[in-house]
$ cat data-v2.cif   # mmCIF, C-alpha atoms and all ligand atoms
data_input
loop_
_atom_site.label_atom_id
_atom_site.label_comp_id
_atom_site.auth_asym_id
_atom_site.auth_seq_id
_atom_site.Cartn_x
_atom_site.Cartn_y
_atom_site.Cartn_z
CA MET C 1 96.72 268.47 8.35
CA VAL C 2 100.42 267.73 7.94
CA SER C 3 100.40 264.26 9.54
CA GLN C 4 97.24 263.22 7.65
CA ALA C 5 98.58 264.34 4.29
CA ALA C 6 101.95 262.70 4.94
CA GLN C 7 100.26 259.27 5.39
CA ILE C 8 99.73 259.19 1.60
CA GLY C 9 102.12 257.91 -1.06
CA VAL C 10 105.89 257.87 -0.79
CA THR C 11 105.97 259.69 2.57
CA GLY C 12 103.26 257.37 3.96
CA LYS C 13 105.26 254.27 2.94
CA ALA C 14 108.43 255.69 4.52
CA ILE C 15 106.56 256.34 7.78
CA GLU C 16 105.05 252.81 7.72
CA ASN C 17 108.52 251.33 7.19
CA THR C 18 109.91 253.54 10.01
CA ILE C 19 112.48 255.02 7.65
CA VAL C 20 111.26 258.39 8.84
CA THR C 21 109.29 259.49 11.91
CA LEU C 22 106.90 262.40 11.75
CA ASN C 23 105.77 264.21 14.87
CA VAL C 24 103.57 267.28 15.12
CA TRP C 25 103.63 269.77 17.99
CA ASN C 26 100.87 272.32 18.35
CA PRO C 27 101.95 275.57 20.03
CA ARG C 28 98.40 275.83 21.38
CA ASP C 29 99.26 272.90 23.67
CA TYR C 30 101.97 275.10 25.23
CA THR C 31 99.68 277.92 26.32
CA TYR C 32 98.53 278.37 29.89
CA ASP C 33 95.59 280.77 29.58
CA ARG C 34 91.92 279.89 29.32
CA HIS C 35 91.73 280.76 25.61
CA LYS C 36 94.97 278.99 24.59
CA THR C 37 96.24 282.20 23.03
CA VAL C 38 99.07 281.83 20.49
CA ASP C 39 98.80 285.28 18.87
CA ASP C 40 98.82 288.91 19.92
CA ARG C 41 98.64 292.41 18.41
CA PRO C 42 101.76 293.72 16.68
CA PHE C 43 103.83 296.39 18.47
CA GLY C 44 103.74 299.53 16.34
CA GLY C 45 100.20 298.83 15.28
CA GLY C 46 98.86 297.66 11.96
CA GLN C 47 96.57 294.96 10.68
CA GLY C 48 96.41 291.40 11.85
CA MET C 49 98.09 289.34 14.52
CA VAL C 50 101.57 288.00 15.28
CA MET C 51 102.44 284.63 16.83
CA LYS C 52 103.72 285.00 20.38
CA TYR C 53 107.24 283.90 21.32
CA GLN C 54 106.52 281.70 24.34
CA PRO C 55 104.17 278.99 22.91
CA LEU C 56 106.44 278.57 19.85
CA HIS C 57 109.55 278.42 22.03
CA ASP C 58 108.03 275.84 24.38
CA ALA C 59 106.72 273.69 21.49
CA VAL C 60 110.15 273.65 19.80
CA THR C 61 111.84 272.91 23.14
CA ALA C 62 109.48 269.97 23.65
CA SER C 63 110.22 268.68 20.15
CA LYS C 64 113.93 268.65 21.00
CA VAL C 65 113.83 266.16 23.91
CA ASN C 66 115.93 263.21 22.68
CA ALA C 67 117.42 265.36 19.90
CA LYS C 68 121.00 264.66 18.87
CA ASN C 69 123.44 267.45 17.99
CA ASP C 70 122.67 267.27 14.29
CA CYS C 71 119.16 268.65 14.64
CA LYS C 72 118.14 271.85 12.87
CA VAL C 73 115.23 274.22 13.39
CA VAL C 74 113.96 275.76 10.16
CA TYR C 75 111.36 278.48 9.84
CA LEU C 76 109.46 278.44 6.54
CA SER C 77 108.68 281.90 5.21
CA PRO C 78 108.85 284.07 2.10
CA GLN C 79 111.84 285.85 3.72
CA GLY C 80 113.91 282.65 3.78
CA LYS C 81 116.81 281.45 1.69
CA PRO C 82 115.51 280.04 -1.62
CA LEU C 83 115.25 276.27 -1.13
CA THR C 84 117.26 274.14 -3.56
CA GLN C 85 117.79 270.44 -4.15
CA ALA C 86 121.30 270.89 -2.67
CA LEU C 87 119.89 272.29 0.61
CA LEU C 88 117.35 269.46 0.76
CA SER C 89 120.05 266.89 0.12
CA LYS C 90 122.12 268.29 3.02
CA ALA C 91 119.08 268.32 5.30
CA SER C 92 118.27 264.69 4.40
CA LYS C 93 121.47 263.66 6.23
CA LEU C 94 120.39 265.20 9.57
CA SER C 95 119.00 262.98 12.32
CA GLN C 96 116.18 265.45 13.02
CA LEU C 97 114.67 268.46 11.32
CA ILE C 98 112.18 270.73 13.09
CA LEU C 99 110.04 272.67 10.62
CA VAL C 100 108.24 275.69 12.05
CA ALA C 101 105.00 276.64 10.33
CA GLY C 102 103.79 280.15 11.02
CA ARG C 103 100.28 281.54 10.76
CA TYR C 104 98.64 284.95 10.85
CA GLU C 105 100.83 287.84 9.64
CA GLY C 106 104.04 286.30 10.95
CA ILE C 107 105.83 285.37 14.15
CA ASP C 108 107.78 287.35 16.75
CA GLU C 109 111.16 288.10 15.17
CA ARG C 110 112.98 287.05 18.35
CA PHE C 111 111.84 283.47 17.80
CA ILE C 112 113.53 283.49 14.37
CA GLN C 113 116.71 285.03 15.84
CA ARG C 114 116.97 282.95 19.01
CA ASP C 115 115.31 279.59 18.23
CA CYS C 116 115.80 278.98 14.50
CA ASP C 117 118.97 277.85 12.73
CA GLU C 118 117.74 278.63 9.23
CA GLU C 119 114.88 280.26 7.33
CA TRP C 120 113.81 278.71 4.01
CA SER C 121 111.53 279.94 1.24
CA LEU C 122 109.89 277.79 -1.43
CA GLY C 123 109.53 280.78 -3.73
CA ASP C 124 108.37 284.34 -4.02
CA TYR C 125 104.73 283.96 -3.12
CA VAL C 126 102.63 284.01 0.02
CA ILE C 127 100.38 281.20 1.28
CA SER C 128 98.20 281.35 4.36
CA GLY C 129 100.41 279.30 6.64
CA GLY C 130 103.66 277.38 6.79
CA GLU C 131 102.08 273.90 7.00
CA LEU C 132 101.78 273.37 3.23
CA ALA C 133 105.38 274.52 2.84
CA ALA C 134 106.42 272.03 5.56
CA LEU C 135 104.62 269.22 3.69
CA ILE C 136 106.58 270.00 0.56
CA VAL C 137 109.87 269.94 2.48
CA ILE C 138 108.87 266.65 4.18
CA ASP C 139 108.03 265.07 0.81
CA ALA C 140 111.17 266.33 -0.93
CA ILE C 141 113.48 265.13 1.87
CA THR C 142 111.78 261.77 2.48
CA ARG C 143 112.19 260.68 -1.12
CA LEU C 144 115.96 261.27 -0.80
CA LEU C 145 116.31 258.84 2.14
CA PRO C 146 117.91 255.44 1.44
CA ASN C 147 115.38 252.66 0.70
CA VAL C 148 112.42 255.02 0.17
CA LEU C 149 112.27 255.02 -3.62
CA GLY C 150 112.22 251.55 -5.16
CA ASN C 151 115.03 252.45 -7.49
CA VAL C 152 117.97 253.78 -5.45
CA GLN C 153 119.17 255.74 -8.47
CA SER C 154 115.96 257.53 -9.30
CA ALA C 155 116.31 260.32 -6.73
CA GLN C 156 119.82 261.09 -8.00
CA GLU C 157 118.74 261.12 -11.61
CA ASP C 158 115.98 263.62 -10.99
CA SER C 159 115.62 267.02 -12.42
CA HIS C 160 117.87 269.47 -10.56
CA SER C 161 120.14 266.90 -8.90
CA ASP C 162 122.75 267.72 -11.56
CA GLY C 163 121.60 271.34 -12.02
CA LEU C 164 119.83 270.55 -15.31
CA LEU C 165 116.18 270.10 -16.22
CA ASP C 166 114.87 266.64 -17.13
CA TYR C 167 114.75 265.43 -20.72
CA PRO C 168 111.27 264.81 -22.22
CA GLN C 169 109.62 261.41 -21.59
CA PHE C 170 107.30 259.40 -23.84
CA THR C 171 105.27 256.23 -23.46
CA ARG C 172 102.81 254.31 -25.66
CA PRO C 173 101.23 254.92 -28.10
CA GLU C 174 104.07 255.70 -30.54
CA VAL C 175 101.90 258.18 -32.45
CA ILE C 176 99.23 260.60 -31.19
CA ALA C 177 97.47 262.29 -34.12
CA ASP C 178 100.50 263.39 -36.21
CA ASN C 179 102.80 263.57 -33.20
CA ALA C 180 105.31 260.68 -33.12
CA VAL C 181 107.84 259.72 -30.47
CA PRO C 182 111.38 260.75 -31.53
CA ASP C 183 112.91 257.94 -33.65
CA VAL C 184 116.07 257.66 -31.56
CA LEU C 185 114.05 256.46 -28.53
CA LEU C 186 112.77 253.50 -30.58
CA SER C 187 116.22 252.71 -32.01
CA GLY C 188 117.54 250.58 -29.17
CA HIS C 189 120.92 252.38 -29.42
CA HIS C 190 121.61 253.07 -25.76
CA ALA C 191 124.54 255.43 -26.38
CA ASP C 192 122.53 257.44 -28.94
CA ILE C 193 119.58 257.61 -26.54
CA ALA C 194 121.80 258.82 -23.68
CA ARG C 195 123.32 261.50 -25.96
CA TRP C 196 119.89 262.63 -27.17
CA ARG C 197 118.62 262.86 -23.60
CA MET C 198 121.65 264.87 -22.45
CA LYS C 199 121.17 267.19 -25.44
CA GLN C 200 117.51 267.71 -24.49
CA SER C 201 118.46 268.34 -20.85
CA VAL C 202 121.04 271.04 -21.60
CA GLY C 203 118.89 272.44 -24.44
CA ARG C 204 115.73 272.73 -22.37
CA THR C 205 117.68 274.25 -19.47
CA TRP C 206 119.11 276.83 -21.90
CA GLN C 207 115.60 277.55 -23.24
CA LYS C 208 113.56 277.54 -20.03
CA ARG C 209 115.98 278.23 -17.18
CA PRO C 210 119.04 280.12 -18.43
CA ASP C 211 119.67 281.18 -14.80
CA LEU C 212 120.51 277.54 -13.96
CA LEU C 213 123.00 277.26 -16.83
CA LYS C 214 124.86 280.40 -15.71
CA LYS C 215 125.61 278.69 -12.36
CA LYS C 216 126.98 275.55 -14.02
CA THR C 217 130.06 274.60 -16.01
CA LEU C 218 129.14 272.24 -18.81
CA SER C 219 131.46 269.45 -19.88
CA ALA C 220 132.97 269.65 -23.39
CA GLU C 221 130.44 267.02 -24.50
CA GLN C 222 127.52 269.01 -23.02
CA GLU C 223 128.76 272.21 -24.73
CA ARG C 224 128.87 270.34 -28.04
CA LEU C 225 125.35 268.95 -27.52
CA LEU C 226 124.03 272.41 -26.60
CA ALA C 227 125.55 273.90 -29.76
CA GLN C 228 123.83 271.13 -31.76
CA PHE C 229 120.54 271.78 -29.96
CA LYS C 230 120.70 275.50 -30.84
CA VAL C 231 121.34 274.68 -34.52
CA GLU C 232 118.35 272.31 -34.53
CA VAL C 233 116.10 274.93 -32.88
CA ASP C 234 117.05 277.43 -35.60
CA LYS C 235 116.03 274.98 -38.31
CA VAL C 236 112.49 274.59 -36.94
C1 LIG W 1 100.54 287.84 5.75
C2 LIG W 1 100.28 289.17 5.61
C3 LIG W 1 99.07 289.88 5.62
C4 LIG W 1 99.12 291.25 5.45
C5 LIG W 1 100.32 291.90 5.30
C6 LIG W 1 101.51 291.17 5.29
C7 LIG W 1 101.45 289.83 5.46
N1 LIG W 1 102.43 288.94 5.49
C8 LIG W 1 101.89 287.75 5.70
C9 LIG W 1 102.68 286.59 5.80
O1 LIG W 1 103.77 286.56 5.26
N2 LIG W 1 102.18 285.59 6.54
C10 LIG W 1 102.95 284.40 6.69
C11 LIG W 1 102.10 283.21 6.34
C12 LIG W 1 103.47 284.24 8.08
C13 LIG W 1 104.33 283.03 8.16
C14 LIG W 1 103.65 281.79 7.57
N3 LIG W 1 103.01 282.11 6.33
C15 LIG W 1 103.60 281.82 5.15
C16 LIG W 1 104.71 281.03 4.89
N4 LIG W 1 103.17 282.28 4.00
N5 LIG W 1 103.97 281.86 3.01
C17 LIG W 1 104.89 281.09 3.51
C18 LIG W 1 105.92 280.50 2.71
C19 LIG W 1 106.80 279.60 3.26
C20 LIG W 1 107.81 279.08 2.45
N6 LIG W 1 107.91 279.44 1.17
C21 LIG W 1 107.05 280.32 0.62
C22 LIG W 1 106.04 280.87 1.38
#
$ encode --input "data-v2.cif" --output "structure tokens"
Amino acid sequence: MVSQAAQIGVTGKAIENTIVTLNVWNPRDYTYDRHKTVDDRPFGGGQGMVMKYQPLHDAVTASKVNAKNDCKVVYLSPQGKPLTQALLSKASKLSQLILVAGRYEGIDERFIQRDCDEEWSLGDYVISGGELAALIVIDAITRLLPNVLGNVQSAQEDSHSDGLLDYPQFTRPEVIADNAVPDVLLSGHHADIARWRMKQSVGRTWQKRPDLLKKKTLSAEQERLLAQFKVEVDKV
């Protein structure tokens, strides 16, 4: 599923251009019993099954042949550290990243302790397996690699790279029903447009994600624009 989905779009192009290599290891290929068993019943009882240590360990070991020192093993789970653009940016500089996708009700804790360097979470929700989470990480990291996005700047200018949300975007037509594009964007005044966009970015972050603003120190200019934004909100 992961390799097929990754053939599409930006990740597919990056694979074609050998900017990134994607390999998939199936722990089932590292089992030695007739039924290729990767799961077993949990000690202590309870519902469901747990992934066994040995097939996971052997699959990760196999994926590490030829690995350099800057290779990390990351387990994707709801118990992980919340994933941020900063963590992704750091990971994009590694020569190899091994993403472990769990299934069933989880994996033997000793694999996380002994074989994984980090545990990452995409958010506080549960999905049925780690593969979809791995795809998201693969996509988010690939687009940060040099020469993947046409415009070198666009990954840096994204939402979250500076800790702020994006400003609103508009394209043709200029008017939809009674809803017109803000005048400033049609003005051709590049400095005014940049100021308006910065005001929208800090303003929207203040409105929608105040938690992000608390982590950030705004410049004097950004503080001024935010104050202006708040005044304009009050007027509406
Ligand atoms: C399933 C389950 C069923 C009954 C009681 C407790 C249970 N916990 C789980 C569970 O967490 N299963 C996980 C499924 C096992 C590891 C892989 N799975 C997973 C990864 N679900 N969600 C993620 C995930 C990964 C990264 N960011 C957010 C969620």
$ atom_distance --input "data-v2.cif" --atom1 "CA of Ala5 in chain C" --atom2 "CA of Asp40 in chain C"
29.1 Å
$ closest_residue --input "data-v2.cif" --among "C:Tyr125, C:Asp108, C:Met49, C:Glu131" --to "Trp25 in chain C" --atoms "all atoms listed in the file"
C:Glu131
$ closest_residue --input "data-v2.cif" --among "C:Arg110, C:Arg34, C:Arg195, C:Lys68" --to "Leu56 in chain C" --atoms "all atoms listed in the file"
C:Arg110
$ residues_around --input "data-v2.cif" --residues "Met198 in chain C" --least-positions-apart "2" --cutoff "12 Å" --atoms "only C-alpha atoms" --output "number ranges by chain"
C: 157, 159, 162, 164-168, 191-196, 200-205, 218-219, 221-226, 228-229
$ closest_residue --input "data-v2.cif" --among "C:Ala180, C:Leu135, C:Leu212, C:Leu76" --to "ligand LIG 1 (chain W)" --atoms "only C-alpha atoms and all ligand atoms"
C:Leu76
$ residues_near_ligand --input "data-v2.cif" --ligand "ligand LIG 1 (chain W)" --cutoff "9 Å" --atoms "only C-alpha atoms and all ligand atoms" --output "PyMOL selection string"
chain C and resi 46-51+75-80+82-83+100-107+119-134
$ write_last_selection --input "data-v2.cif" --atoms "C-alpha atoms" --output "PDB file, keeping the file's coordinate frame"
ATOM      1  CA  GLY C  46      98.860 297.660  11.960  1.00  0.00           C
ATOM      2  CA  GLN C  47      96.570 294.960  10.680  1.00  0.00           C
ATOM      3  CA  GLY C  48      96.410 291.400  11.850  1.00  0.00           C
ATOM      4  CA  MET C  49      98.090 289.340  14.520  1.00  0.00           C
ATOM      5  CA  VAL C  50     101.570 288.000  15.280  1.00  0.00           C
ATOM      6  CA  MET C  51     102.440 284.630  16.830  1.00  0.00           C
ATOM      7  CA  TYR C  75     111.360 278.480   9.840  1.00  0.00           C
ATOM      8  CA  LEU C  76     109.460 278.440   6.540  1.00  0.00           C
ATOM      9  CA  SER C  77     108.680 281.900   5.210  1.00  0.00           C
ATOM     10  CA  PRO C  78     108.850 284.070   2.100  1.00  0.00           C
ATOM     11  CA  GLN C  79     111.840 285.850   3.720  1.00  0.00           C
ATOM     12  CA  GLY C  80     113.910 282.650   3.780  1.00  0.00           C
ATOM     13  CA  PRO C  82     115.510 280.040  -1.620  1.00  0.00           C
ATOM     14  CA  LEU C  83     115.250 276.270  -1.130  1.00  0.00           C
ATOM     15  CA  VAL C 100     108.240 275.690  12.050  1.00  0.00           C
ATOM     16  CA  ALA C 101     105.000 276.640  10.330  1.00  0.00           C
ATOM     17  CA  GLY C 102     103.790 280.150  11.020  1.00  0.00           C
ATOM     18  CA  ARG C 103     100.280 281.540  10.760  1.00  0.00           C
ATOM     19  CA  TYR C 104      98.640 284.950  10.850  1.00  0.00           C
ATOM     20  CA  GLU C 105     100.830 287.840   9.640  1.00  0.00           C
ATOM     21  CA  GLY C 106     104.040 286.300  10.950  1.00  0.00           C
ATOM     22  CA  ILE C 107     105.830 285.370  14.150  1.00  0.00           C
ATOM     23  CA  GLU C 119     114.880 280.260   7.330  1.00  0.00           C
ATOM     24  CA  TRP C 120     113.810 278.710   4.010  1.00  0.00           C
ATOM     25  CA  SER C 121     111.530 279.940   1.240  1.00  0.00           C
ATOM     26  CA  LEU C 122     109.890 277.790  -1.430  1.00  0.00           C
ATOM     27  CA  GLY C 123     109.530 280.780  -3.730  1.00  0.00           C
ATOM     28  CA  ASP C 124     108.370 284.340  -4.020  1.00  0.00           C
ATOM     29  CA  TYR C 125     104.730 283.960  -3.120  1.00  0.00           C
ATOM     30  CA  VAL C 126     102.630 284.010   0.020  1.00  0.00           C
ATOM     31  CA  ILE C 127     100.380 281.200   1.280  1.00  0.00           C
ATOM     32  CA  SER C 128      98.200 281.350   4.360  1.00  0.00           C
ATOM     33  CA  GLY C 129     100.410 279.300   6.640  1.00  0.00           C
ATOM     34  CA  GLY C 130     103.660 277.380   6.790  1.00  0.00           C
ATOM     35  CA  GLU C 131     102.080 273.900   7.000  1.00  0.00           C
ATOM     36  CA  LEU C 132     101.780 273.370   3.230  1.00  0.00           C
ATOM     37  CA  ALA C 133     105.380 274.520   2.840  1.00  0.00           C
ATOM     38  CA  ALA C 134     106.420 272.030   5.560  1.00  0.00           C
TER      39      ALA C 134
END
$ residues_around --input "data-v2.cif" --residues "Pro27 in chain C" --least-positions-apart "6" --cutoff "7 Å" --atoms "only C-alpha atoms" --output "JSON, numbers by chain"
{"C": [38, 55, 56, 59]}
$ closest_residue --input "data-v2.cif" --among "C:Lys199, C:Ile176, C:Arg41, C:Val74" --to "Val137 in chain C" --atoms "all atoms listed in the file"
C:Val74
$ atom_distance --input "data-v2.cif" --atom1 "CA of Lys13 in chain C" --atom2 "CA of Val148 in chain C"
7.7 Å
$ residues_around --input "data-v2.cif" --residues "Ile19 in chain C" --least-positions-apart "2" --cutoff "12 Å" --atoms "only C-alpha atoms" --output "list in words"
Val10, Thr11, Gly12, Lys13, Ala14, Ile15, Glu16, Asn17, Thr21, Leu22, Ser92, Ser95, Ile141, Thr142, Arg143, Leu144, Leu145, Pro146, Asn147, Val148 and Leu149 of chain C
$ closest_residue --input "data-v2.cif" --among "C:Val181, C:Val233, C:Gly163, C:Glu174" --to "Thr217 in chain C" --atoms "all atoms listed in the file"
C:Gly163
$ closest_residue --input "data-v2.cif" --among "C:Val231, C:Ile98, C:Ala6, C:Ile112" --to "Val73 in chain C" --atoms "all atoms listed in the file"
C:Ile98
$ atom_distance --input "data-v2.cif" --atom1 "CA of Ala91 in chain C" --atom2 "CA of Ser161 in chain C"
14.3 Å
$ axis_aligned_box --input "data-v2.cif" --around "range 130-133 of chain C" --padding-each-side "3 Å" --output "lines of an AutoDock Vina configuration file"
center_x = 103.6
center_y = 275.4
center_z = 4.9
size_x = 9.6
size_y = 10.0
size_z = 10.2
